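This report refers to the structure that appears directly beneath it.
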Amino acid sequence: MFSNLFKSSNAIGIMSAIGASVCFSTTDVTIKFLSDAYALHQIILLRSLVGIALIFTLLLASSGGLKSLKTKRLARHIVRGSCVVMANMLFFLGLVAMPLADAVALFFISPSVITLFSIIFLKEHVGLHRWLAIGLGFLGVLIMVQPGSSQFMFASLLPIGAAFCYASLHTLTRTMRDTESAATMTFYIQITFVVVSTAMWMAVGDGSFNDASSPSLNFLLRPWGPWQYDDTKLFILLGAGSALGGYLISQAYRHAESALAAPFEYVSLPLAMVFGIFIFDEWPSHLTLIGSSLILTSGLYTLYRETLHLRKPQMARAHPR
């Protein structure tokens, strides 16, 4: 049944999505470690500087070299970079206020949002079964967030907002895949991170707007902390994971359709639960288990429907799938 799934560009896209998920899970844990000592924009700036150095090394080693940074779609790169900056900011602000597994599970409504966006903006066709899968995913979100109840936390909306920004990022990636390389797209994202983080440092880096009563605002607005030599390895790991993850996820959506690559990012869900339990001693609640199971089922069923579609003879159409 899966024979057509692992051919040519689809195989590259799938393996890239899995590799990116492992990289991003590692960076999530690292940022949660560093969140007690550094401001969010300080962490992101240092991470991005390491990432840019690695990307330059990659470009110099490639056949295209630095010439591959030339682009005629600079405005689209800026919009795409802004989407990923917002996605990162919202997700990490939620991460410090809630368990790792909860934040990741809520963020992973993004594949359902990507599927919705592929319908609206890319005119891709999605059948009734995948519509039902999308509904199942959003039901899982409602179970976890519990809107209107005493258990509701505003911080739970932050990973959901990040998911919508992330979906916008990958919808744009699909429109740029024929003219822009993965390294080029990753480079401009890192540049956007540097610009935004530097601007935030200049505006709020002294901590004058800090609100220590809110974990998320405290992480965003606290003054820059002094560099700790022992954290050097963590920042190198963070920069390398971010750069490699960004490169792989760009490859994933350049080589595979949005609705096909997205479900494989769910590898991050079990990884987040394992990391949360064994590193942070965060045991998921029963609502987290139920809601994340529904979100996971939604993504896996979307994948199953995609494999059935790929087995059928394809007719010529104006848009992929």
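Ligands are numbered from 1 in the order shown, chains are lettered A, B, ... in the order of the structure tokens, and residues start at 1 in each chain.
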*asked:* Can you pull out the residues contacting stretch 136-138 of chain A? Cut-off 8 Å, using only C-alpha atoms, and skip same-chain residues under 4 positions away; I want them as a list in words.
replied: Ile109, Ser112, Leu132, Leu142, Leu294, Ile295, Leu296, Thr297, Ser298 and Gly299 of chain A
Can I get the selected residues back with all heavy atoms, as a PDB file, in the first residue's frame?
```
ATOM      1  N   ILE A 109      -1.720  20.933  15.829  1.00  0.00           N
ATOM      2  CA  ILE A 109      -2.897  21.138  15.004  1.00  0.00           C
ATOM      3  C   ILE A 109      -2.473  21.754  13.672  1.00  0.00           C
ATOM      4  O   ILE A 109      -3.252  21.817  12.713  1.00  0.00           O
ATOM      5  CB  ILE A 109      -3.908  22.072  15.718  1.00  0.00           C
ATOM      6  CG1 ILE A 109      -5.269  22.026  15.034  1.00  0.00           C
ATOM      7  CG2 ILE A 109      -3.396  23.493  15.810  1.00  0.00           C
ATOM      8  CD1 ILE A 109      -5.939  20.680  15.026  1.00  0.00           C
ATOM      9  N   SER A 112      -3.263  20.086  10.275  1.00  0.00           N
ATOM     10  CA  SER A 112      -4.647  20.277   9.848  1.00  0.00           C
ATOM     11  C   SER A 112      -4.839  21.665   9.258  1.00  0.00           C
ATOM     12  O   SER A 112      -5.557  21.840   8.259  1.00  0.00           O
ATOM     13  CB  SER A 112      -5.598  20.075  11.040  1.00  0.00           C
ATOM     14  OG  SER A 112      -5.593  18.735  11.485  1.00  0.00           O
ATOM     15  N   LEU A 132     -13.013  15.117   7.698  1.00  0.00           N
ATOM     16  CA  LEU A 132     -13.352  14.519   8.987  1.00  0.00           C
ATOM     17  C   LEU A 132     -12.120  14.432   9.887  1.00  0.00           C
ATOM     18  O   LEU A 132     -12.205  14.645  11.103  1.00  0.00           O
ATOM     19  CB  LEU A 132     -13.950  13.124   8.781  1.00  0.00           C
ATOM     20  CG  LEU A 132     -15.314  13.088   8.080  1.00  0.00           C
ATOM     21  CD1 LEU A 132     -15.737  11.645   7.817  1.00  0.00           C
ATOM     22  CD2 LEU A 132     -16.369  13.806   8.916  1.00  0.00           C
ATOM     23  N   LEU A 142      -9.849  21.220  21.418  1.00  0.00           N
ATOM     24  CA  LEU A 142     -10.878  21.684  22.351  1.00  0.00           C
ATOM     25  C   LEU A 142     -10.825  20.923  23.673  1.00  0.00           C
ATOM     26  O   LEU A 142     -11.007  21.506  24.746  1.00  0.00           O
ATOM     27  CB  LEU A 142     -12.264  21.532  21.719  1.00  0.00           C
ATOM     28  CG  LEU A 142     -12.593  22.489  20.565  1.00  0.00           C
ATOM     29  CD1 LEU A 142     -13.952  22.138  19.965  1.00  0.00           C
ATOM     30  CD2 LEU A 142     -12.585  23.937  21.047  1.00  0.00           C
ATOM     31  N   LEU A 294      -6.233  12.241  19.778  1.00  0.00           N
ATOM     32  CA  LEU A 294      -7.134  12.625  18.689  1.00  0.00           C
ATOM     33  C   LEU A 294      -6.378  13.406  17.614  1.00  0.00           C
ATOM     34  O   LEU A 294      -6.593  13.201  16.414  1.00  0.00           O
ATOM     35  CB  LEU A 294      -8.300  13.459  19.242  1.00  0.00           C
ATOM     36  CG  LEU A 294      -9.299  12.719  20.119  1.00  0.00           C
ATOM     37  CD1 LEU A 294     -10.343  13.683  20.675  1.00  0.00           C
ATOM     38  CD2 LEU A 294      -9.990  11.603  19.342  1.00  0.00           C
ATOM     39  N   ILE A 295      -5.501  14.312  18.046  1.00  0.00           N
ATOM     40  CA  ILE A 295      -4.714  15.087  17.087  1.00  0.00           C
ATOM     41  C   ILE A 295      -3.803  14.164  16.289  1.00  0.00           C
ATOM     42  O   ILE A 295      -3.675  14.290  15.064  1.00  0.00           O
ATOM     43  CB  ILE A 295      -3.890  16.165  17.823  1.00  0.00           C
ATOM     44  CG1 ILE A 295      -4.826  17.193  18.482  1.00  0.00           C
ATOM     45  CG2 ILE A 295      -2.949  16.881  16.852  1.00  0.00           C
ATOM     46  CD1 ILE A 295      -4.118  18.165  19.403  1.00  0.00           C
ATOM     47  N   LEU A 296      -3.178  13.205  16.978  1.00  0.00           N
ATOM     48  CA  LEU A 296      -2.306  12.254  16.310  1.00  0.00           C
ATOM     49  C   LEU A 296      -3.086  11.377  15.336  1.00  0.00           C
ATOM     50  O   LEU A 296      -2.654  11.145  14.200  1.00  0.00           O
ATOM     51  CB  LEU A 296      -1.600  11.380  17.350  1.00  0.00           C
ATOM     52  CG  LEU A 296      -0.665  10.285  16.816  1.00  0.00           C
ATOM     53  CD1 LEU A 296       0.466  10.901  16.005  1.00  0.00           C
ATOM     54  CD2 LEU A 296      -0.116   9.444  17.962  1.00  0.00           C
ATOM     55  N   THR A 297      -4.253  10.902  15.768  1.00  0.00           N
ATOM     56  CA  THR A 297      -5.097  10.078  14.896  1.00  0.00           C
ATOM     57  C   THR A 297      -5.509  10.849  13.657  1.00  0.00           C
ATOM     58  O   THR A 297      -5.535  10.307  12.545  1.00  0.00           O
ATOM     59  CB  THR A 297      -6.348   9.604  15.655  1.00  0.00           C
ATOM     60  OG1 THR A 297      -5.943   8.846  16.798  1.00  0.00           O
ATOM     61  CG2 THR A 297      -7.234   8.743  14.768  1.00  0.00           C
ATOM     62  N   SER A 298      -5.812  12.127  13.844  1.00  0.00           N
ATOM     63  CA  SER A 298      -6.185  12.978  12.710  1.00  0.00           C
ATOM     64  C   SER A 298      -5.078  13.017  11.664  1.00  0.00           C
ATOM     65  O   SER A 298      -5.319  12.835  10.467  1.00  0.00           O
ATOM     66  CB  SER A 298      -6.484  14.397  13.215  1.00  0.00           C
ATOM     67  OG  SER A 298      -6.567  15.316  12.154  1.00  0.00           O
ATOM     68  N   GLY A 299      -3.832  13.229  12.119  1.00  0.00           N
ATOM     69  CA  GLY A 299      -2.720  13.296  11.191  1.00  0.00           C
ATOM     70  C   GLY A 299      -2.432  11.973  10.509  1.00  0.00           C
ATOM     71  O   GLY A 299      -2.193  11.923   9.298  1.00  0.00           O
TER      72      GLY A 299
END
```
*Those of stretch 66-235 of chain A in DSSP alpha helix (DSSP H), formatted as a PyMOL selection string*: chain A and resi 74-95+100-107+110-120+128-145+157-176+182-204+215-221+232-235
Considering only C-alpha atoms, give me a table of residues in stretch 270-307 of chain A that are at most 9 Å from stretch 26-32 of chain A, with the closest atom pair and distance in Å for each, as CSV.
```
residue,atom,partner,partner_atom,distance
A:Ala272,CA,A:Val29,CA,8.4
A:Phe275,CA,A:Val29,CA,7.4
A:Gly276,CA,A:Val29,CA,8.5
A:Ile279,CA,A:Val29,CA,8.5
```
_Set the distance at 9 Å and use only C-alpha atoms: which residues neighbour A:Ser9 once local chain neighbours fewer than 4 positions away are removed? I'd like the list as a list in words._
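That gives Gly13, Ile14, Ala252, Arg254, His255 and Ala256 of chain A.
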Please report, as a tab-separated table, each residue of stretch 30-108 of chain A lying at most 10 Å from stretch 161-183 of chain A, together with the nearest pair of atoms and the separation in Å rounded to one decimal; use only C-alpha atoms, and order rows by chain and ascending residue number.
```
residue	atom	partner	partner_atom	distance
A:Ile55	CA	A:Ala183	CA	7.0
A:Phe56	CA	A:Ala183	CA	9.1
A:Leu58	CA	A:Ala183	CA	7.9
A:Leu59	CA	A:Ala183	CA	7.3
A:Ser62	CA	A:Ala183	CA	9.9
A:Gly64	CA	A:Ser181	CA	9.9
A:Ser68	CA	A:Ser181	CA	7.5
A:Leu69	CA	A:Ala183	CA	8.2
A:Lys70	CA	A:Glu180	CA	9.2
A:Thr71	CA	A:Glu180	CA	7.4
A:Lys72	CA	A:Thr179	CA	8.9
A:Arg73	CA	A:Met176	CA	8.4
A:Arg76	CA	A:Leu172	CA	7.7
A:His77	CA	A:Leu172	CA	8.8
A:Val79	CA	A:Leu169	CA	8.4
A:Arg80	CA	A:Leu169	CA	5.3
A:Gly81	CA	A:Leu169	CA	7.7
A:Ser82	CA	A:Leu169	CA	8.6
A:Cys83	CA	A:Cys165	CA	5.2
A:Val84	CA	A:Tyr166	CA	6.1
A:Val85	CA	A:Cys165	CA	8.6
A:Met86	CA	A:Cys165	CA	6.5
A:Ala87	CA	A:Ala162	CA	4.0
A:Asn88	CA	A:Ala162	CA	6.8
A:Met89	CA	A:Ala162	CA	7.7
A:Leu90	CA	A:Ala162	CA	5.3
A:Phe91	CA	A:Ala162	CA	5.5
A:Phe92	CA	A:Ala162	CA	9.1
A:Leu93	CA	A:Ala162	CA	9.9
A:Gly94	CA	A:Ala162	CA	9.3
A:Val104	CA	A:Ala163	CA	9.9
A:Leu106	CA	A:Ala163	CA	8.1
A:Phe107	CA	A:Ala163	CA	5.2
A:Phe108	CA	A:Ala163	CA	6.8
```
Please write the residues from the selection above to a file, keeping C-alpha atoms, as a JSON list (two decimals), in the first residue's frame.
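Contents of again-v5.json, freshly written:
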```
[["chain", "number", "residue", "atom", "x", "y", "z"],
["A", 55, "ILE", "CA", 24.43, 27.82, 6.62],
["A", 56, "PHE", "CA", 27.36, 29.80, 5.18],
["A", 58, "LEU", "CA", 26.93, 24.64, 3.83],
["A", 59, "LEU", "CA", 26.64, 27.12, 0.97],
["A", 62, "SER", "CA", 27.84, 23.36, -2.24],
["A", 64, "GLY", "CA", 25.97, 26.90, -5.98],
["A", 68, "SER", "CA", 22.46, 30.73, -4.46],
["A", 69, "LEU", "CA", 21.50, 33.51, -2.02],
["A", 70, "LYS", "CA", 20.43, 35.70, -4.92],
["A", 71, "THR", "CA", 16.68, 35.86, -5.21],
["A", 72, "LYS", "CA", 13.96, 37.68, -7.11],
["A", 73, "ARG", "CA", 11.42, 36.96, -4.35],
["A", 76, "ARG", "CA", 8.11, 36.75, -0.12],
["A", 77, "HIS", "CA", 11.19, 35.71, 1.86],
["A", 79, "VAL", "CA", 6.87, 37.54, 4.74],
["A", 80, "ARG", "CA", 7.88, 33.90, 5.15],
["A", 81, "GLY", "CA", 10.56, 34.84, 7.67],
["A", 82, "SER", "CA", 8.06, 36.93, 9.63],
["A", 83, "CYS", "CA", 5.70, 33.95, 9.81],
["A", 84, "VAL", "CA", 8.35, 31.66, 11.26],
["A", 85, "VAL", "CA", 9.54, 34.33, 13.73],
["A", 86, "MET", "CA", 5.99, 34.73, 15.02],
["A", 87, "ALA", "CA", 5.51, 30.95, 15.15],
["A", 88, "ASN", "CA", 8.69, 30.56, 17.20],
["A", 89, "MET", "CA", 7.91, 33.43, 19.55],
["A", 90, "LEU", "CA", 4.37, 32.27, 20.28],
["A", 91, "PHE", "CA", 5.35, 28.64, 20.73],
["A", 92, "PHE", "CA", 8.28, 29.32, 23.08],
["A", 93, "LEU", "CA", 6.25, 31.78, 25.14],
["A", 94, "GLY", "CA", 3.68, 29.04, 25.62],
["A", 104, "VAL", "CA", 3.76, 20.45, 21.37],
["A", 106, "LEU", "CA", -1.50, 21.89, 20.70],
["A", 107, "PHE", "CA", 1.03, 23.14, 18.18],
["A", 108, "PHE", "CA", 0.48, 20.01, 16.13]]
```
*For A:Val96, which residue among A:Gly245, A:Pro159, A:Pro263, A:Pro223 is the nearest when counting only C-alpha atoms?*
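Comparing A:Gly245, A:Pro159, A:Pro263, A:Pro223 against A:Val96, the winner is A:Pro159.
Remark: for A:Gly207, the closest of the candidate residues A:Ile120, A:Met273, A:Ala75, A:Arg222 is A:Arg222 (distances computed over only C-alpha atoms).
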